$ cat run-v1.pdb   # PDB, C-alpha atoms and all ligand atoms
ATOM      1  CA  MET N  24      -7.861 -26.579 -39.385
ATOM      2  CA  TYR N  25      -9.673 -25.278 -36.293
ATOM      3  CA  LYS N  26      -7.348 -23.655 -33.849
ATOM      4  CA  GLU N  27      -8.547 -22.763 -30.376
ATOM      5  CA  VAL N  28      -7.707 -19.213 -29.396
ATOM      6  CA  ILE N  29      -6.948 -19.033 -25.698
ATOM      7  CA  LYS N  30      -7.339 -15.590 -24.212
ATOM      8  CA  VAL N  31      -4.503 -14.965 -21.821
ATOM      9  CA  THR N  32      -4.768 -11.898 -19.630
ATOM     10  CA  THR N  33      -1.951 -10.932 -17.316
ATOM     11  CA  ILE N  34      -3.573  -9.715 -14.130
ATOM     12  CA  LEU N  35      -0.443  -9.182 -12.060
ATOM     13  CA  SER N  36       2.907  -8.033 -13.335
ATOM     14  CA  ILE N  37       5.914  -7.591 -11.058
ATOM     15  CA  GLN N  38       8.784  -5.710 -12.605
ATOM     16  CA  GLN N  39      12.317  -5.429 -11.221
ATOM     17  CA  LEU N  40      11.113  -5.369  -7.630
ATOM     18  CA  ASN N  41      13.580  -4.538  -4.823
ATOM     19  CA  TYR N  42      12.980  -4.418  -1.115
ATOM     20  CA  ALA N  43      15.062  -3.525   1.945
ATOM     21  CA  PHE N  44      13.549  -3.103   5.410
ATOM     22  CA  PRO N  45      14.203   0.423   6.760
ATOM     23  CA  SER N  46      16.209  -1.139   9.632
ATOM     24  CA  SER N  47      18.578  -2.981   7.270
ATOM     25  CA  ARG N  48      21.058  -1.997   4.547
ATOM     26  CA  THR N  49      20.948  -5.414   2.917
ATOM     27  CA  PRO N  50      18.035  -5.834   0.529
ATOM     28  CA  VAL N  51      15.772  -8.834   1.140
ATOM     29  CA  PHE N  52      15.614  -9.250  -2.639
ATOM     30  CA  THR N  53      16.461  -7.360  -5.803
ATOM     31  CA  GLY N  54      15.324  -7.544  -9.419
ATOM     32  CA  LEU N  55      12.275  -9.789  -9.037
ATOM     33  CA  SER N  56      10.029 -10.010 -12.092
ATOM     34  CA  MET N  57       7.016 -12.246 -12.732
ATOM     35  CA  ASP N  58       3.727 -12.256 -14.607
ATOM     36  CA  ILE N  59       0.601 -13.984 -13.329
ATOM     37  CA  ARG N  60      -2.187 -14.736 -15.771
ATOM     38  CA  GLU N  61      -5.913 -14.860 -15.090
ATOM     39  CA  GLY N  62      -7.001 -18.210 -13.636
ATOM     40  CA  GLU N  63      -3.492 -19.565 -13.018
ATOM     41  CA  PHE N  64      -2.285 -21.374  -9.909
ATOM     42  CA  VAL N  65       1.327 -20.335  -9.373
ATOM     43  CA  SER N  66       3.568 -21.435  -6.500
ATOM     44  CA  VAL N  67       6.629 -19.717  -5.081
ATOM     45  CA  ILE N  68       9.319 -21.919  -3.535
ATOM     46  CA  GLY N  69      12.439 -20.571  -1.862
ATOM     47  CA  SER N  70      14.651 -21.018   1.167
ATOM     48  CA  SER N  71      13.500 -19.720   4.518
ATOM     49  CA  GLY N  72      14.097 -15.984   4.797
ATOM     50  CA  CYS N  73      14.524 -15.313   1.055
ATOM     51  CA  GLY N  74      11.590 -12.880   1.205
ATOM     52  CA  LYS N  75       8.486 -14.781   0.048
ATOM     53  CA  SER N  76       6.182 -13.347   2.720
ATOM     54  CA  THR N  77       7.697  -9.899   2.184
ATOM     55  CA  LEU N  78       6.903 -10.216  -1.528
ATOM     56  CA  PHE N  79       3.266 -11.064  -0.682
ATOM     57  CA  LYS N  80       3.004  -8.090   1.673
ATOM     58  CA  ILE N  81       4.226  -5.816  -1.117
ATOM     59  CA  ILE N  82       1.790  -7.328  -3.624
ATOM     60  CA  ALA N  83      -1.072  -6.894  -1.136
ATOM     61  CA  GLY N  84      -0.104  -3.221  -0.719
ATOM     62  CA  LEU N  85       0.966  -3.569   2.942
ATOM     63  CA  LEU N  86       4.631  -2.720   2.281
ATOM     64  CA  LYS N  87       6.012  -0.182  -0.170
ATOM     65  CA  PRO N  88       8.724  -1.541  -2.488
ATOM     66  CA  SER N  89      12.143   0.137  -2.438
ATOM     67  CA  GLY N  90      12.238  -0.084  -6.236
ATOM     68  CA  GLY N  91      10.398  -1.579  -9.191
ATOM     69  CA  GLN N  92       6.706  -1.934  -9.851
ATOM     70  CA  VAL N  93       3.707  -4.086  -9.000
ATOM     71  CA  ILE N  94       0.978  -3.711 -11.611
ATOM     72  CA  LEU N  95      -2.453  -5.180 -10.900
ATOM     73  CA  ARG N  96      -4.832  -5.008 -13.843
ATOM     74  CA  GLY N  97      -2.868  -2.119 -15.323
ATOM     75  CA  GLN N  98      -2.729  -0.082 -12.079
ATOM     76  CA  SER N  99       0.559   0.431 -10.271
ATOM     77  CA  SER N 100      -0.375   2.329  -7.095
ATOM     78  CA  ALA N 101      -0.394   0.393  -3.804
ATOM     79  CA  ALA N 102      -3.727   2.034  -2.943
ATOM     80  CA  SER N 103      -5.312   0.356  -5.977
ATOM     81  CA  ARG N 104      -4.288  -3.037  -4.542
ATOM     82  CA  LEU N 105      -5.011  -2.551  -0.853
ATOM     83  CA  GLY N 106      -8.230  -4.426  -0.078
ATOM     84  CA  HIS N 107      -8.536  -5.707  -3.669
ATOM     85  CA  ILE N 108      -6.361  -8.761  -3.219
ATOM     86  CA  ALA N 109      -7.413 -11.664  -1.011
ATOM     87  CA  TYR N 110      -4.432 -12.324   1.271
ATOM     88  CA  MET N 111      -4.165 -15.287   3.628
ATOM     89  CA  PRO N 112      -1.128 -14.903   5.894
ATOM     90  CA  GLN N 113       0.809 -17.832   7.415
ATOM     91  CA  GLN N 114      -1.117 -17.865  10.686
ATOM     92  CA  ASP N 115      -4.884 -18.379  10.357
ATOM     93  CA  LEU N 116      -5.570 -15.204  12.427
ATOM     94  CA  LEU N 117      -9.098 -16.311  13.272
ATOM     95  CA  LEU N 118     -10.498 -14.375  16.209
ATOM     96  CA  PRO N 119     -11.013 -16.960  18.985
ATOM     97  CA  TRP N 120     -13.934 -15.076  20.575
ATOM     98  CA  ARG N 121     -15.980 -15.025  17.362
ATOM     99  CA  THR N 122     -17.882 -17.949  15.864
ATOM    100  CA  VAL N 123     -16.920 -19.374  12.468
ATOM    101  CA  LEU N 124     -19.758 -17.414  10.847
ATOM    102  CA  ASP N 125     -18.769 -14.183  12.596
ATOM    103  CA  ASN N 126     -15.113 -14.664  11.635
ATOM    104  CA  CYS N 127     -16.176 -15.053   8.006
ATOM    105  CA  LEU N 128     -18.310 -11.903   8.280
ATOM    106  CA  LEU N 129     -15.276  -9.751   9.160
ATOM    107  CA  PRO N 130     -14.506  -8.750   5.534
ATOM    108  CA  TRP N 131     -18.151  -7.738   5.110
ATOM    109  CA  GLU N 132     -17.975  -5.632   8.302
ATOM    110  CA  LEU N 133     -15.040  -3.706   6.834
ATOM    111  CA  ARG N 134     -16.771  -2.966   3.519
ATOM    112  CA  ARG N 135     -20.538  -3.316   4.014
ATOM    113  CA  GLU N 136     -21.064  -3.411   0.246
ATOM    114  CA  THR N 137     -24.194  -5.557   0.580
ATOM    115  CA  GLY N 138     -26.865  -6.075   3.218
ATOM    116  CA  LYS N 139     -25.881  -8.313   6.148
ATOM    117  CA  GLU N 140     -28.446 -11.002   5.287
ATOM    118  CA  GLU N 141     -27.033 -11.301   1.755
ATOM    119  CA  ALA N 142     -23.497 -11.632   3.172
ATOM    120  CA  VAL N 143     -24.646 -14.293   5.664
ATOM    121  CA  GLN N 144     -26.390 -16.270   2.907
ATOM    122  CA  ARG N 145     -23.275 -16.162   0.726
ATOM    123  CA  ILE N 146     -21.098 -17.375   3.596
ATOM    124  CA  ARG N 147     -23.608 -20.137   4.465
ATOM    125  CA  GLY N 148     -23.489 -21.292   0.838
ATOM    126  CA  LEU N 149     -19.702 -21.444   0.949
ATOM    127  CA  LEU N 150     -19.645 -23.147   4.371
ATOM    128  CA  ASN N 151     -21.857 -25.794   2.842
ATOM    129  CA  ARG N 152     -19.650 -26.147  -0.216
ATOM    130  CA  PHE N 153     -16.532 -26.339   1.975
ATOM    131  CA  GLY N 154     -18.076 -29.064   4.185
ATOM    132  CA  LEU N 155     -18.234 -26.727   7.188
ATOM    133  CA  SER N 156     -21.980 -26.070   7.655
ATOM    134  CA  GLU N 157     -22.100 -27.905  10.957
ATOM    135  CA  LEU N 158     -19.431 -25.585  12.349
ATOM    136  CA  GLU N 159     -21.165 -22.275  11.726
ATOM    137  CA  MET N 160     -21.607 -21.557  15.438
ATOM    138  CA  ALA N 161     -18.340 -23.171  16.594
ATOM    139  CA  TYR N 162     -15.424 -21.138  17.945
ATOM    140  CA  PRO N 163     -11.884 -21.480  16.494
ATOM    141  CA  PRO N 164     -10.384 -23.203  19.586
ATOM    142  CA  GLU N 165     -12.908 -26.033  19.011
ATOM    143  CA  LEU N 166     -11.667 -26.669  15.446
ATOM    144  CA  SER N 167      -8.950 -28.987  14.150
ATOM    145  CA  GLY N 168      -5.981 -27.508  12.233
ATOM    146  CA  GLY N 169      -7.489 -28.500   8.869
ATOM    147  CA  MET N 170     -10.883 -26.996   9.765
ATOM    148  CA  LYS N 171      -9.257 -23.734  10.881
ATOM    149  CA  GLN N 172      -7.423 -23.497   7.556
ATOM    150  CA  ARG N 173     -10.655 -24.116   5.623
ATOM    151  CA  VAL N 174     -12.400 -21.345   7.583
ATOM    152  CA  ALA N 175      -9.433 -18.991   7.065
ATOM    153  CA  PHE N 176      -9.493 -19.857   3.350
ATOM    154  CA  LEU N 177     -13.221 -19.134   3.168
ATOM    155  CA  ARG N 178     -12.737 -15.803   4.916
ATOM    156  CA  THR N 179      -9.932 -14.955   2.477
ATOM    157  CA  LEU N 180     -12.187 -15.883  -0.419
ATOM    158  CA  VAL N 181     -14.987 -13.553   0.693
ATOM    159  CA  SER N 182     -12.566 -10.710   1.367
ATOM    160  CA  GLY N 183     -12.841  -9.884  -2.330
ATOM    161  CA  GLY N 184     -10.551  -9.762  -5.321
ATOM    162  CA  ASN N 185     -10.004 -12.473  -7.885
ATOM    163  CA  LEU N 186      -6.354 -12.784  -6.959
ATOM    164  CA  MET N 187      -5.651 -14.864  -3.846
ATOM    165  CA  LEU N 188      -2.284 -14.809  -2.091
ATOM    166  CA  LEU N 189      -1.928 -17.896   0.083
ATOM    167  CA  ASP N 190       1.153 -17.903   2.319
ATOM    168  CA  GLU N 191       1.930 -21.531   3.264
ATOM    169  CA  PRO N 192      -1.703 -22.303   4.097
ATOM    170  CA  PHE N 193      -0.988 -25.964   4.827
ATOM    171  CA  GLY N 194       2.522 -25.597   6.254
ATOM    172  CA  ALA N 195       1.534 -26.350   9.859
ATOM    173  CA  LEU N 196      -0.685 -29.350   9.091
ATOM    174  CA  ASP N 197       0.273 -32.997   9.554
ATOM    175  CA  ALA N 198       0.836 -35.085   6.404
ATOM    176  CA  LEU N 199      -2.584 -36.770   6.400
ATOM    177  CA  THR N 200      -4.568 -33.583   7.018
ATOM    178  CA  LYS N 201      -2.481 -31.864   4.356
ATOM    179  CA  ARG N 202      -3.346 -34.595   1.873
ATOM    180  CA  GLY N 203      -7.041 -34.086   2.652
ATOM    181  CA  MET N 204      -6.636 -30.338   2.119
ATOM    182  CA  HIS N 205      -4.970 -30.909  -1.252
ATOM    183  CA  ARG N 206      -7.814 -33.134  -2.401
ATOM    184  CA  TRP N 207     -10.289 -30.539  -1.151
ATOM    185  CA  LEU N 208      -8.519 -27.634  -2.859
ATOM    186  CA  LEU N 209      -8.100 -29.509  -6.165
ATOM    187  CA  GLU N 210     -11.834 -30.270  -6.243
ATOM    188  CA  LEU N 211     -12.801 -26.754  -5.269
ATOM    189  CA  TRP N 212     -10.385 -24.506  -7.072
ATOM    190  CA  GLY N 213     -11.534 -25.166 -10.647
ATOM    191  CA  GLY N 214     -15.038 -23.953  -9.769
ATOM    192  CA  LEU N 215     -13.935 -20.806  -7.929
ATOM    193  CA  GLY N 216     -12.565 -18.919 -10.942
ATOM    194  CA  LYS N 217      -9.728 -17.458  -8.866
ATOM    195  CA  THR N 218      -6.099 -16.789  -9.641
ATOM    196  CA  VAL N 219      -3.825 -18.099  -6.904
ATOM    197  CA  LEU N 220      -0.284 -17.232  -5.878
ATOM    198  CA  PHE N 221       0.828 -19.790  -3.319
ATOM    199  CA  ILE N 222       3.905 -20.013  -1.071
ATOM    200  CA  THR N 223       5.099 -23.467  -0.088
ATOM    201  CA  HIS N 224       8.188 -25.429   0.963
ATOM    202  CA  ASP N 225       6.618 -28.696  -0.151
ATOM    203  CA  LEU N 226       7.792 -29.731  -3.634
ATOM    204  CA  GLU N 227       5.071 -32.324  -4.214
ATOM    205  CA  GLU N 228       2.398 -29.902  -3.080
ATOM    206  CA  ALA N 229       3.702 -27.298  -5.541
ATOM    207  CA  LEU N 230       3.742 -29.792  -8.431
ATOM    208  CA  LEU N 231       0.338 -31.231  -7.596
ATOM    209  CA  LEU N 232      -1.425 -27.863  -7.395
ATOM    210  CA  SER N 233       0.407 -25.510  -9.757
ATOM    211  CA  ASP N 234       0.428 -24.489 -13.399
ATOM    212  CA  ARG N 235       3.817 -22.878 -12.861
ATOM    213  CA  ILE N 236       6.366 -22.702 -10.071
ATOM    214  CA  TYR N 237       8.749 -19.834  -9.379
ATOM    215  CA  LEU N 238      11.968 -20.709  -7.576
ATOM    216  CA  MET N 239      13.021 -17.703  -5.544
ATOM    217  CA  ASN N 240      16.725 -17.266  -4.976
ATOM    218  CA  GLY N 241      17.843 -15.147  -2.094
ATOM    219  CA  GLY N 242      20.824 -12.933  -1.293
ATOM    220  CA  SER N 243      23.737 -13.225  -3.714
ATOM    221  CA  GLN N 244      21.686 -14.955  -6.453
ATOM    222  CA  PRO N 245      18.707 -12.693  -6.900
ATOM    223  CA  GLY N 246      15.824 -13.406  -9.203
ATOM    224  CA  LEU N 247      13.263 -16.040 -10.021
ATOM    225  CA  GLN N 248      13.426 -19.180 -12.136
ATOM    226  CA  GLU N 249      10.273 -20.548 -13.686
ATOM    227  CA  LEU N 250       9.188 -24.169 -14.037
ATOM    228  CA  VAL N 251       6.076 -24.890 -16.096
ATOM    229  CA  VAL N 252       4.052 -27.807 -14.694
ATOM    230  CA  LYS N 253       2.667 -29.377 -17.833
ATOM    231  CA  LEU N 254       0.331 -31.865 -16.172
ATOM    232  CA  PRO N 255      -3.272 -32.363 -17.244
ATOM    233  CA  ARG N 256      -6.194 -31.181 -15.100
ATOM    234  CA  PRO N 257      -8.273 -32.221 -13.275
ATOM    235  CA  ARG N 258      -5.578 -33.734 -11.085
ATOM    236  CA  SER N 259      -5.745 -36.225  -8.263
ATOM    237  CA  TYR N 260      -3.160 -37.783  -5.970
ATOM    238  CA  ARG N 261      -2.697 -40.598  -8.468
ATOM    239  CA  ILE N 262      -0.704 -38.134 -10.562
ATOM    240  CA  ASN N 263       2.127 -38.603  -8.017
ATOM    241  CA  TYR N 264       2.906 -41.920  -9.734
ATOM    242  CA  ASP N 265       2.741 -40.518 -13.259
ATOM    243  CA  PRO N 266       6.153 -40.604 -15.032
ATOM    244  CA  GLN N 267       5.615 -36.965 -16.090
ATOM    245  CA  PHE N 268       5.134 -35.960 -12.440
ATOM    246  CA  ILE N 269       8.251 -37.878 -11.385
ATOM    247  CA  ALA N 270      10.282 -36.250 -14.174
ATOM    248  CA  LEU N 271       9.093 -32.791 -13.105
ATOM    249  CA  ARG N 272       9.983 -33.547  -9.506
ATOM    250  CA  GLU N 273      13.504 -34.534 -10.576
ATOM    251  CA  GLU N 274      13.791 -31.357 -12.629
ATOM    252  CA  LEU N 275      12.611 -29.236  -9.701
ATOM    253  CA  GLU N 276      15.076 -30.904  -7.317
ATOM    254  CA  ARG N 277      17.908 -30.502  -9.845
ATOM    255  CA  ARG N 278      17.210 -26.788 -10.165
ATOM    256  CA  LEU N 279      16.955 -26.343  -6.401
ATOM    257  CA  HIS N 280      20.340 -28.102  -6.006
ATOM    258  CA  GLU N 281      21.921 -25.940  -8.682
ATOM    259  CA  SER N 282      20.621 -22.818  -6.949
ATOM    260  CA  HIS N 283      21.855 -24.149  -3.577
ATOM    261  CA  LEU N 284      18.280 -24.098  -2.275
ATOM    262  CA  LEU N 285      18.244 -27.816  -1.420
TER     263      LEU N 285
HETATM  264  N1  LIG M 301       9.823  -6.355  10.016
HETATM  265  C1  LIG M 301      11.030  -6.769   9.640
HETATM  266  N2  LIG M 301      12.117  -5.993   9.863
HETATM  267  C2  LIG M 301      13.356  -6.368   9.469
HETATM  268  N3  LIG M 301      13.623  -7.538   8.837
HETATM  269  C3  LIG M 301      12.575  -8.355   8.599
HETATM  270  C4  LIG M 301      11.236  -8.018   8.986
HETATM  271  N4  LIG M 301      10.388  -9.017   8.589
HETATM  272  C5  LIG M 301      11.181  -9.942   7.999
HETATM  273  N5  LIG M 301      12.465  -9.539   8.003
HETATM  274  C6  LIG M 301      13.621 -10.267   7.412
HETATM  275  O1  LIG M 301      13.426 -10.262   6.002
HETATM  276  C7  LIG M 301      13.837 -11.499   5.444
HETATM  277  C8  LIG M 301      12.695 -12.092   4.644
HETATM  278  O2  LIG M 301      11.627 -12.461   5.508
HETATM  279  P1  LIG M 301      10.333 -13.203   4.973
HETATM  280  O3  LIG M 301       9.448 -13.484   6.130
HETATM  281  O4  LIG M 301       9.778 -12.447   3.836
HETATM  282  O5  LIG M 301      10.983 -14.572   4.403
HETATM  283  P2  LIG M 301      10.274 -15.905   3.913
HETATM  284  O6  LIG M 301      10.980 -16.309   2.657
HETATM  285  O7  LIG M 301       8.798 -15.720   3.838
HETATM  286  O8  LIG M 301      10.638 -16.914   5.090
HETATM  287  P3  LIG M 301       9.895 -18.251   5.593
HETATM  288  O9  LIG M 301       9.951 -19.216   4.442
HETATM  289  O10 LIG M 301      10.748 -18.684   6.745
HETATM  290  O11 LIG M 301       8.498 -17.869   5.997
HETATM  291  C9  LIG M 301      14.297 -12.359   6.609
HETATM  292  O12 LIG M 301      15.687 -12.280   6.709
HETATM  293  C10 LIG M 301      13.646 -11.724   7.811
HETATM  294  O13 LIG M 301      14.420 -11.912   8.967
END

$ encode --input "run-v1.pdb" --output "structure tokens"
Amino acid sequence: MYKEVIKVTTILSIQQLNYAFPSSRTPVFTGLSMDIREGEFVSVIGSSGCGKSTLFKIIAGLLKPSGGQVILRGQSSAASRLGHIAYMPQQDLLLPWRTVLDNCLLPWELRRETGKEEAVQRIRGLLNRFGLSELEMAYPPELSGGMKQRVAFLRTLVSGGNLMLLDEPFGALDALTKRGMHRWLLELWGGLGKTVLFITHDLEEALLLSDRIYLMNGGSQPGLQELVVKLPRPRSYRINYDPQFIALREELERRLHESHLL
């Protein structure tokens, strides 16, 4: 019988990670371990203040862990990660005095690995694919919340690295705009070939988008719990009404209750 062999490569491995801010004796978290495989979409859910953004800053190489290891493609030094992971922080951080195109050119300006014209053409191609071509010369204050997030996502994408860390990218959007962004991301993501680690507080968003979800416990209950989202892809909003989706949502809520996160 023919058996498909699926190649699974772990690109990011976090092992027994601890972190305490220098100003505090209490660690933000202790003993965090997770593995992220090539091409996965993995969400992290946890109560406010449990250290999700801190974890991302450590993964991106912006903070040094107090203990444990972050291994990206076999390399454990923070220097090997800095600039090699695409990191989108909570706020869009678009520069209001630069056009959409010029905002998206910022990563190129830092690296200058190609000629400017090549970088501009690549960004124009992505603006087109993201439904943003008309906005190339617009300034961030002229954009809606959803448009700003698309531009920030595009800029993150061109900042390099196959691993994208997205810190609550849709957290500030209203429900309808968020729904549009989900549809947009579901259509787009499959073709991008990226691995995504995604922070959210929205349970349905996590289930809709993810292959796996990590529940992050804070303080006295350190560690991560994993929930595998065994739902077929491609996915659309209709999956919300699927009995499998509803069962997973119940399971997620049950676990969050048990961990006192809900
Ligand atoms: N620079 C800092 N110095 C000291 N403590 C900090 C600093 N930044 C964050 N903290 C504290 O570390 C803890 C974790 O913060 P972090 O922003 O990582 O949490 P989070 O889970 O991302 O929260 P949220 O879901 O609200 O965004 C919080 O208690 C926060 O107050």

$ residues_near_point --input "run-v1.pdb" --point "(-14.2, -21.3, 3.9)" --cutoff "7 Å" --atoms "only C-alpha atoms" --output "mmCIF file with C-alpha atoms, in the frame of the given file"
data_model
loop_
_atom_site.group_PDB
_atom_site.id
_atom_site.type_symbol
_atom_site.label_atom_id
_atom_site.label_comp_id
_atom_site.auth_asym_id
_atom_site.auth_seq_id
_atom_site.Cartn_x
_atom_site.Cartn_y
_atom_site.Cartn_z
ATOM 1 C CA LEU N 149 -19.702 -21.444 0.949
ATOM 2 C CA LEU N 150 -19.645 -23.147 4.371
ATOM 3 C CA PHE N 153 -16.532 -26.339 1.975
ATOM 4 C CA ARG N 173 -10.655 -24.116 5.623
ATOM 5 C CA VAL N 174 -12.400 -21.345 7.583
ATOM 6 C CA ALA N 175 -9.433 -18.991 7.065
ATOM 7 C CA PHE N 176 -9.493 -19.857 3.350
ATOM 8 C CA LEU N 177 -13.221 -19.134 3.168
ATOM 9 C CA ARG N 178 -12.737 -15.803 4.916
#

$ resolve_selection --input "run-v1.pdb" --expression "the PyMOL selection byres (((not hetatm)) within 9 of (chain M and resi 301))" --output "ChimeraX atom specification"
/N:43-47,50-52,68-80,113,190-191,222-224,239,241

$ atom_distance --input "run-v1.pdb" --atom1 "CA of Glu281 in chain N" --atom2 "CA of Thr53 in chain N"
19.6 Å

$ resolve_selection --input "run-v1.pdb" --expression "the PyMOL selection byres (((chain N and resi 252-254) around 7) and not hetatm)" --output "JSON, numbers by chain"
{"N": [230, 233, 234, 235, 250, 251, 255, 256]}

$ resolve_selection --input "run-v1.pdb" --expression "the PyMOL selection byres (((chain N and resi 205) around 9) and not hetatm)" --output "list in words"
Phe193, Thr200, Lys201, Arg202, Gly203, Met204, Arg206, Trp207, Leu208, Leu209, Glu210, Glu228, Leu231, Leu232, Ser259 and Tyr260 of chain N

$ atom_distance --input "run-v1.pdb" --atom1 "CA of Tyr237 in chain N" --atom2 "CA of Val65 in chain N"
7.4 Å

$ closest_residue --input "run-v1.pdb" --among "N:Gly148, N:Leu199, N:Ser182, N:Ala102" --to "Cys127 in chain N" --atoms "all atoms listed in the file"
N:Ser182

$ closest_atom_pairs --input "run-v1.pdb" --of "range 80-116 of chain N" --to "range 128-143 of chain N" --cutoff "12 Å" --atoms "only C-alpha atoms" --output "JSON lines"
{"residue": "N:Gly106", "atom": "CA", "partner": "N:Arg134", "partner_atom": "CA", "distance": 9.4}
{"residue": "N:His107", "atom": "CA", "partner": "N:Arg134", "partner_atom": "CA", "distance": 11.3}
{"residue": "N:Ile108", "atom": "CA", "partner": "N:Pro130", "partner_atom": "CA", "distance": 12.0}
{"residue": "N:Ala109", "atom": "CA", "partner": "N:Pro130", "partner_atom": "CA", "distance": 10.1}
{"residue": "N:Tyr110", "atom": "CA", "partner": "N:Pro130", "partner_atom": "CA", "distance": 11.5}
{"residue": "N:Leu116", "atom": "CA", "partner": "N:Leu129", "partner_atom": "CA", "distance": 11.6}

$ closest_residue --input "run-v1.pdb" --among "N:Ala198, N:Val93, N:Arg145, N:Asp125" --to "Glu159 in chain N" --atoms "all atoms listed in the file"
N:Asp125

$ residues_around --input "run-v1.pdb" --residues "Ser66 in chain N" --least-positions-apart "5" --cutoff "6 Å" --atoms "only C-alpha atoms" --output "NGL selection string"
:N and (220-222 or 229 or 236)

$ atom_distance --input "run-v1.pdb" --atom1 "CA of Ile94 in chain N" --atom2 "CA of Ser56 in chain N"
11.0 Å

$ closest_residue --input "run-v1.pdb" --among "N:Leu271, N:Leu247, N:Met160, N:Leu95" --to "Asn126 in chain N" --atoms "all atoms listed in the file"
N:Met160

$ residues_near_point --input "run-v1.pdb" --point "(-5.7, -6.0, -11.4)" --cutoff "12 Å" --atoms "all atoms listed in the file" --output "PDB file with C-alpha atoms, in the frame of the given file"
ATOM      1  CA  THR N  32      -4.768 -11.898 -19.630  1.00  0.00           C
ATOM      2  CA  THR N  33      -1.951 -10.932 -17.316  1.00  0.00           C
ATOM      3  CA  ILE N  34      -3.573  -9.715 -14.130  1.00  0.00           C
ATOM      4  CA  LEU N  35      -0.443  -9.182 -12.060  1.00  0.00           C
ATOM      5  CA  SER N  36       2.907  -8.033 -13.335  1.00  0.00           C
ATOM      6  CA  ILE N  37       5.914  -7.591 -11.058  1.00  0.00           C
ATOM      7  CA  ASP N  58       3.727 -12.256 -14.607  1.00  0.00           C
ATOM      8  CA  ILE N  59       0.601 -13.984 -13.329  1.00  0.00           C
ATOM      9  CA  ARG N  60      -2.187 -14.736 -15.771  1.00  0.00           C
ATOM     10  CA  GLU N  61      -5.913 -14.860 -15.090  1.00  0.00           C
ATOM     11  CA  ILE N  82       1.790  -7.328  -3.624  1.00  0.00           C
ATOM     12  CA  ALA N  83      -1.072  -6.894  -1.136  1.00  0.00           C
ATOM     13  CA  VAL N  93       3.707  -4.086  -9.000  1.00  0.00           C
ATOM     14  CA  ILE N  94       0.978  -3.711 -11.611  1.00  0.00           C
ATOM     15  CA  LEU N  95      -2.453  -5.180 -10.900  1.00  0.00           C
ATOM     16  CA  ARG N  96      -4.832  -5.008 -13.843  1.00  0.00           C
ATOM     17  CA  GLY N  97      -2.868  -2.119 -15.323  1.00  0.00           C
ATOM     18  CA  GLN N  98      -2.729  -0.082 -12.079  1.00  0.00           C
ATOM     19  CA  SER N  99       0.559   0.431 -10.271  1.00  0.00           C
ATOM     20  CA  SER N 100      -0.375   2.329  -7.095  1.00  0.00           C
ATOM     21  CA  ALA N 101      -0.394   0.393  -3.804  1.00  0.00           C
ATOM     22  CA  ALA N 102      -3.727   2.034  -2.943  1.00  0.00           C
ATOM     23  CA  SER N 103      -5.312   0.356  -5.977  1.00  0.00           C
ATOM     24  CA  ARG N 104      -4.288  -3.037  -4.542  1.00  0.00           C
ATOM     25  CA  LEU N 105      -5.011  -2.551  -0.853  1.00  0.00           C
ATOM     26  CA  GLY N 106      -8.230  -4.426  -0.078  1.00  0.00           C
ATOM     27  CA  HIS N 107      -8.536  -5.707  -3.669  1.00  0.00           C
ATOM     28  CA  ILE N 108      -6.361  -8.761  -3.219  1.00  0.00           C
ATOM     29  CA  ALA N 109      -7.413 -11.664  -1.011  1.00  0.00           C
ATOM     30  CA  GLY N 184     -10.551  -9.762  -5.321  1.00  0.00           C
ATOM     31  CA  ASN N 185     -10.004 -12.473  -7.885  1.00  0.00           C
ATOM     32  CA  LEU N 186      -6.354 -12.784  -6.959  1.00  0.00           C
ATOM     33  CA  MET N 187      -5.651 -14.864  -3.846  1.00  0.00           C
ATOM     34  CA  THR N 218      -6.099 -16.789  -9.641  1.00  0.00           C
TER      35      THR N 218
END

$ axis_aligned_box --input "run-v1.pdb" --around "range 168-182 of chain N" --padding-each-side "5 Å" --output "AutoDock Vina command-line options"
--center_x -10.5 --center_y -19.6 --center_z 5.9 --size_x 19.0 --size_y 27.8 --size_z 22.7

$ build_atoms --input "run-v1.pdb" --residues "range 184-191 of chain N" --atoms "N, CA and C atoms" --output "short mmCIF file (atom, residue, chain, number, x, y, z; two decimals), in the frame of the given file"
data_model
loop_
_atom_site.label_atom_id
_atom_site.label_comp_id
_atom_site.auth_asym_id
_atom_site.auth_seq_id
_atom_site.Cartn_x
_atom_site.Cartn_y
_atom_site.Cartn_z
N GLY N 184 -11.70 -9.68 -4.42
CA GLY N 184 -10.55 -9.76 -5.32
C GLY N 184 -10.44 -11.15 -5.93
N ASN N 185 -10.14 -11.18 -7.22
CA ASN N 185 -10.00 -12.47 -7.88
C ASN N 185 -8.63 -13.07 -7.70
N LEU N 186 -7.70 -12.27 -7.19
CA LEU N 186 -6.35 -12.78 -6.96
C LEU N 186 -6.21 -13.16 -5.49
N MET N 187 -5.84 -14.41 -5.23
CA MET N 187 -5.65 -14.86 -3.85
C MET N 187 -4.17 -15.12 -3.59
N LEU N 188 -3.66 -14.55 -2.51
CA LEU N 188 -2.28 -14.81 -2.09
C LEU N 188 -2.35 -15.72 -0.88
N LEU N 189 -1.86 -16.94 -1.02
CA LEU N 189 -1.93 -17.90 0.08
C LEU N 189 -0.51 -18.20 0.56
N ASP N 190 -0.20 -17.76 1.79
CA ASP N 190 1.15 -17.90 2.32
C ASP N 190 1.23 -19.18 3.15
N GLU N 191 1.78 -20.23 2.59
CA GLU N 191 1.93 -21.53 3.26
C GLU N 191 0.68 -21.94 4.03
#
